[in-house]
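Enquirer: File follows, my_file32.csv with CSV, C-alpha atoms:
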```
chain,number,residue,atom,x,y,z
A,6,PRO,CA,73.3,68.2,138.3
A,7,ALA,CA,73.3,69.7,134.9
A,8,PHE,CA,74.7,66.6,133.3
A,9,ALA,CA,72.3,64.4,135.3
A,10,GLY,CA,69.5,66.5,133.9
A,11,ALA,CA,71.0,66.1,130.4
A,12,ILE,CA,70.8,62.3,130.7
A,13,ALA,CA,67.2,62.6,131.8
A,14,ASP,CA,66.3,64.9,129.0
A,15,LEU,CA,68.5,63.4,126.2
A,16,GLY,CA,68.4,59.8,127.2
A,17,VAL,CA,71.3,57.5,126.6
A,18,PRO,CA,73.7,59.0,124.0
A,19,ALA,CA,73.3,57.3,120.6
A,20,HIS,CA,77.0,56.3,120.6
A,21,LEU,CA,76.4,54.2,123.7
A,22,LYS,CA,73.5,52.4,122.1
A,23,ARG,CA,75.8,50.8,119.6
A,24,PRO,CA,76.4,47.2,120.6
A,25,THR,CA,80.0,47.3,119.4
A,26,LEU,CA,80.8,50.0,121.8
A,27,PHE,CA,80.8,47.5,124.6
A,28,LEU,CA,83.1,45.0,122.9
A,29,PRO,CA,86.9,44.9,123.5
A,30,PRO,CA,88.7,47.6,121.4
A,31,SER,CA,90.2,45.0,119.1
A,32,ALA,CA,86.7,44.1,117.8
A,33,SER,CA,86.6,47.1,115.6
A,34,SER,CA,90.3,47.6,114.9
A,35,GLY,CA,90.4,45.9,111.5
A,36,GLY,CA,91.6,42.4,112.6
A,37,SER,CA,94.9,41.4,114.0
A,38,ASP,CA,98.4,40.7,112.8
A,39,GLY,CA,100.2,38.0,114.8
A,40,GLY,CA,97.9,38.5,117.7
A,41,VAL,CA,98.3,42.3,117.8
A,42,PRO,CA,95.2,44.3,116.9
A,43,ASN,CA,95.7,46.0,113.6
A,44,TRP,CA,94.8,49.6,114.0
A,45,PHE,CA,96.1,50.7,110.6
A,46,PRO,CA,92.7,50.6,108.8
A,47,SER,CA,91.0,52.7,111.5
A,48,LEU,CA,93.6,55.4,111.4
A,49,PHE,CA,93.7,55.3,107.6
A,50,ARG,CA,90.0,56.0,107.6
A,51,THR,CA,90.5,58.8,110.2
A,52,ILE,CA,92.9,60.6,107.9
A,53,VAL,CA,90.9,60.1,104.7
A,54,SER,CA,87.7,61.3,106.4
A,55,GLN,CA,89.2,64.5,107.9
A,56,GLN,CA,87.2,67.7,107.2
A,57,LEU,CA,84.6,65.9,105.2
A,58,ALA,CA,80.9,65.4,105.8
A,59,SER,CA,79.9,61.8,106.7
A,60,ALA,CA,78.5,60.8,103.3
A,61,ALA,CA,81.5,62.3,101.4
A,62,ALA,CA,83.9,60.6,103.7
A,63,ASP,CA,82.3,57.2,103.2
A,64,THR,CA,82.4,57.7,99.4
A,65,ILE,CA,86.1,58.7,99.3
A,66,HIS,CA,87.1,56.0,101.8
A,67,ALA,CA,85.4,53.4,99.6
A,68,LYS,CA,87.2,54.7,96.5
A,69,CYS,CA,90.5,54.6,98.4
A,70,ILE,CA,90.1,51.0,99.4
A,71,GLU,CA,89.3,50.0,95.9
A,72,ALA,CA,92.3,52.0,94.5
A,73,TYR,CA,94.8,50.6,96.9
A,74,THR,CA,93.5,47.0,97.1
A,75,SER,CA,91.8,46.5,93.7
A,76,LYS,CA,88.8,45.3,95.5
A,77,LYS,CA,85.7,47.1,96.8
A,78,ASP,CA,85.9,45.3,100.1
A,79,GLY,CA,89.7,44.8,100.2
A,80,LYS,CA,91.8,45.1,103.4
A,81,ILE,CA,94.0,48.2,103.4
A,82,THR,CA,97.6,47.6,104.7
A,83,ALA,CA,100.7,49.7,105.2
A,84,ASP,CA,102.5,47.7,102.5
A,85,LEU,CA,99.8,48.5,100.0
A,86,VAL,CA,100.0,52.2,100.7
A,87,LEU,CA,103.8,52.2,100.5
A,88,ASN,CA,104.0,50.2,97.3
A,89,ALA,CA,101.2,51.9,95.4
A,90,LYS,CA,102.0,53.8,92.2
A,91,TYR,CA,101.3,57.5,92.7
A,92,ALA,CA,100.9,60.1,90.0
A,93,GLU,CA,99.5,63.6,89.7
A,94,ARG,CA,98.4,65.3,86.5
A,95,LYS,CA,95.9,67.8,85.1
A,96,VAL,CA,92.5,66.6,84.1
A,97,GLU,CA,91.0,68.2,81.0
A,98,GLY,CA,88.0,70.4,81.9
A,99,GLU,CA,88.9,70.5,85.6
A,100,GLY,CA,91.1,73.6,85.8
A,101,GLU,CA,94.8,73.9,86.2
A,102,GLY,CA,95.3,72.0,89.4
A,103,LEU,CA,97.0,68.7,89.6
A,104,LYS,CA,94.8,65.7,90.5
A,105,GLN,CA,96.0,62.7,92.5
A,106,PHE,CA,96.0,59.2,91.1
A,107,VAL,CA,96.7,55.9,93.0
A,108,ASN,CA,97.4,52.8,91.0
A,109,GLY,CA,95.9,54.6,88.0
A,110,ALA,CA,92.6,55.3,89.8
A,111,ARG,CA,91.5,58.7,91.2
A,112,PRO,CA,90.0,58.1,94.6
A,113,GLY,CA,89.6,61.8,95.6
A,114,LEU,CA,92.6,62.2,97.9
A,115,SER,CA,94.2,65.5,98.1
A,116,ARG,CA,98.0,65.7,97.9
A,117,SER,CA,98.3,66.4,101.6
A,118,LYS,CA,96.1,63.4,102.5
A,119,ARG,CA,98.1,61.2,100.2
A,120,GLU,CA,101.2,62.3,102.1
A,121,TYR,CA,99.5,61.7,105.4
A,122,VAL,CA,98.5,58.1,104.6
A,123,GLN,CA,102.0,57.5,103.4
A,124,SER,CA,103.4,58.8,106.7
A,125,LEU,CA,101.0,56.5,108.5
A,126,ALA,CA,102.1,53.6,106.5
A,127,GLU,CA,105.8,54.4,107.2
A,128,HIS,CA,105.1,54.5,110.9
A,129,PHE,CA,103.2,51.1,110.8
A,130,SER,CA,106.1,49.6,108.9
A,131,ASP,CA,108.7,50.7,111.4
A,132,PRO,CA,109.3,48.5,114.6
A,133,GLU,CA,110.7,51.6,116.3
A,134,ARG,CA,107.4,53.4,115.9
A,135,LEU,CA,104.0,51.6,115.4
A,136,LYS,CA,104.7,48.2,113.8
A,137,ASP,CA,103.4,45.4,116.0
A,138,VAL,CA,102.4,47.8,118.7
A,139,ASP,CA,99.1,47.3,120.5
A,140,LEU,CA,97.9,50.8,120.8
A,141,SER,CA,95.3,49.8,123.4
A,142,ASP,CA,98.1,49.0,125.8
A,143,LEU,CA,99.7,52.4,125.7
A,144,SER,CA,99.3,55.1,128.3
A,145,GLU,CA,97.4,58.2,127.3
A,146,GLU,CA,100.6,60.2,127.0
A,147,GLU,CA,102.6,57.7,125.0
A,148,LEU,CA,99.6,57.0,122.7
A,149,SER,CA,99.3,60.7,121.9
A,150,GLU,CA,103.0,61.1,121.4
A,151,ARG,CA,103.3,58.2,119.0
A,152,LEU,CA,100.2,59.1,116.9
A,153,THR,CA,100.7,62.8,116.6
A,154,ALA,CA,104.2,62.0,115.2
A,155,VAL,CA,102.3,60.8,112.1
A,156,LYS,CA,101.7,63.6,109.6
A,157,GLY,CA,98.1,64.6,109.5
A,158,LEU,CA,97.2,63.1,113.0
A,159,GLY,CA,96.6,66.0,115.3
A,160,GLU,CA,95.4,66.0,118.9
A,161,TRP,CA,91.7,66.1,117.9
A,162,SER,CA,92.0,63.1,115.6
A,163,VAL,CA,93.8,61.1,118.3
A,164,GLU,CA,91.1,62.0,120.9
A,165,MET,CA,88.4,60.8,118.5
A,166,PHE,CA,90.4,57.6,118.0
A,167,LYS,CA,90.7,57.1,121.8
A,168,ILE,CA,86.9,57.6,122.3
A,169,PHE,CA,85.4,55.8,119.4
A,170,LYS,CA,87.9,53.1,118.5
A,171,LEU,CA,89.8,52.4,121.7
A,172,ARG,CA,86.7,53.2,123.7
A,173,ARG,CA,88.6,54.8,126.6
A,174,PRO,CA,86.2,56.3,129.2
A,175,ASP,CA,88.2,59.3,130.3
A,176,VAL,CA,88.9,61.5,127.2
A,177,PHE,CA,87.8,65.0,126.9
A,178,SER,CA,88.2,66.9,123.6
A,179,VAL,CA,88.4,70.6,124.2
A,180,GLY,CA,89.3,71.1,120.6
A,181,ASP,CA,86.0,69.6,119.4
A,182,LEU,CA,83.5,72.3,118.4
A,183,ALA,CA,80.5,70.2,119.2
A,184,VAL,CA,81.9,69.3,122.6
A,185,ARG,CA,82.4,72.9,123.5
A,186,LYS,CA,79.1,74.1,122.3
A,187,GLY,CA,77.1,71.2,123.6
A,188,THR,CA,78.6,71.4,127.0
A,189,ALA,CA,77.9,75.1,127.2
A,190,LEU,CA,74.2,74.5,126.4
A,191,ILE,CA,73.9,71.7,128.9
A,192,LEU,CA,75.3,74.0,131.6
A,193,GLY,CA,72.8,76.7,130.6
A,194,HIS,CA,75.2,79.1,128.9
A,195,LYS,CA,75.1,80.5,125.4
A,196,ALA,CA,76.7,78.1,122.8
A,197,ASP,CA,79.8,80.3,122.4
A,198,LYS,CA,80.6,80.4,126.1
A,199,PHE,CA,83.8,78.3,125.7
A,200,GLU,CA,85.0,79.5,122.2
A,201,SER,CA,87.7,81.9,123.3
A,202,SER,CA,91.2,80.8,124.5
A,203,LYS,CA,90.2,81.7,128.0
A,204,GLY,CA,86.9,79.8,127.6
A,205,LYS,CA,88.7,76.7,126.4
A,206,LYS,CA,91.0,76.8,129.4
A,207,GLU,CA,88.0,77.1,131.7
A,208,LEU,CA,86.2,74.2,130.0
A,209,LYS,CA,89.3,72.0,130.3
A,210,GLU,CA,89.5,72.7,134.0
A,211,LEU,CA,85.8,72.2,134.4
A,212,ALA,CA,86.0,68.8,132.7
A,213,GLU,CA,88.5,67.6,135.3
A,214,LYS,CA,85.5,67.3,137.7
A,215,PHE,CA,84.0,64.5,135.5
A,216,SER,CA,87.1,62.3,135.5
A,217,PRO,CA,87.2,59.3,135.0
A,218,TYR,CA,84.1,59.6,132.8
A,219,ARG,CA,84.9,62.5,130.5
A,220,SER,CA,84.2,60.5,127.3
A,221,LEU,CA,80.6,60.2,128.5
A,222,VAL,CA,80.4,64.0,128.9
A,223,CYS,CA,81.6,64.4,125.3
A,224,MET,CA,78.9,62.1,124.1
A,225,LEU,CA,76.2,64.0,126.0
A,226,ALA,CA,77.6,67.2,124.5
A,227,TYR,CA,77.3,65.7,121.0
A,228,GLU,CA,73.7,64.8,121.6
A,229,ARG,CA,72.9,68.2,122.9
A,230,TRP,CA,74.5,70.0,120.0
A,231,ASP,CA,72.8,67.7,117.5
A,232,GLN,CA,69.5,69.0,118.9
A,233,GLU,CA,70.5,72.5,117.6
A,234,LYS,CA,70.8,71.3,114.0
A,235,PRO,CA,67.4,72.5,112.9
A,236,LYS,CA,68.1,75.9,114.5
A,237,ARG,CA,71.4,76.2,112.8
A,238,LYS,CA,70.0,75.7,109.3
```
Can you dump the structure from the file as structure tokens?

Expert:
Amino acid sequence: PAFAGAIADLGVPAHLKRPTLFLPPSASSGGSDGGVPNWFPSLFRTIVSQQLASAAADTIHAKCIEAYTSKKDGKITADLVLNAKYAERKVEGEGEGLKQFVNGARPGLSRSKREYVQSLAEHFSDPERLKDVDLSDLSEEELSERLTAVKGLGEWSVEMFKIFKLRRPDVFSVGDLAVRKGTALILGHKADKFESSKGKKELKELAEKFSPYRSLVCMLAYERWDQEKPKRK
């Protein structure tokens, strides 16, 4: 009843209003290689965007595309990442830390993210791992196992990929702060209800009741938590 009321109060989640959400997963995967959807660009962006605000993520992703492809709208590939010329050096007036350069450009990648996208490229170049694999055909377990083997792709990143790129309907991300807090508010609790280890376990068990539509619950939780933004400032 609480979630039915949330739909009535919040309306259709914004994520569900996007026309592309109802297209086959390959429609937003970055094209295809030999008939197999090419998921590399989406996962590349996932890594580059981690722990960044939306605007900053867009800016750095655009700089990365230009650095790797020499074009503002170029197509990123595993080969381009593996064959890029990398360097790190100090920049005058910017402290003692080493700055990362890709093909002579400075896109704003940290050393760890540079290593993560290289790991992703290695996996997508290996037939034993992700090369020529249609991720949309894999089971939940195998998909998680293969993707979390890539440096920098944790369970949360994989869950977001499942929901927003593969558009799988039954994914619930207990590790997502907005999902935990939004769900708590929808259920009439304080926002921190599910923040403890015990609370997260309770939430995970509770979410089982909404299978096979747990992705929708996540989207409702996002909408509800977004309503709190003015109060959080």

Enquirer: For a quick check of understanding, using only C-alpha atoms, which of A:Cys69, A:Leu152, A:Val86, A:Leu48 has the smallest distance to A:Ala126?

Expert: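 Of A:Cys69, A:Leu152, A:Val86, A:Leu48, the one nearest A:Ala126, counting only C-alpha atoms, is A:Val86.
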
Enquirer: Take the point (71.3, 75.2, 115.6) as written in the file and pick out every residue within 12 Å of it, counting all atoms listed in the file; give the list as a compact mmCIF listing (two decimals) with C-alpha atoms, keeping the file's coordinate frame.

Expert:
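Output saved as point_17.txt:
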```
# COMPACT_ATOMS: atom_id res chain seq x y z
CA ALA A 183 80.50 70.20 119.20
CA LYS A 186 79.10 74.10 122.30
CA GLY A 187 77.10 71.20 123.60
CA LEU A 190 74.20 74.50 126.40
CA LYS A 195 75.10 80.50 125.40
CA ALA A 196 76.70 78.10 122.80
CA ARG A 229 72.90 68.20 122.90
CA TRP A 230 74.50 70.00 120.00
CA ASP A 231 72.80 67.70 117.50
CA GLN A 232 69.50 69.00 118.90
CA GLU A 233 70.50 72.50 117.60
CA LYS A 234 70.80 71.30 114.00
CA PRO A 235 67.40 72.50 112.90
CA LYS A 236 68.10 75.90 114.50
CA ARG A 237 71.40 76.20 112.80
CA LYS A 238 70.00 75.70 109.30
```

Enquirer: To one decimal place, how far is atom CA of A:Gln123 from atom CA of A:Asp142 in Å?

Expert: 24.3 Å

Enquirer: Just checking: using only C-alpha atoms, which residue out of A:Val179, A:Leu158, A:Glu164, A:Gly193 ends up closest to A:Glu210?

Expert: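 Of A:Val179, A:Leu158, A:Glu164, A:Gly193, the one nearest A:Glu210, counting only C-alpha atoms, is A:Val179.
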
Enquirer: Skipping near chain neighbours, those fewer than 5 positions away, what residues fall within 6 Å of A:Arg219 using only C-alpha atoms, listed as a ChimeraX atom specification?

Expert: /A:175-177
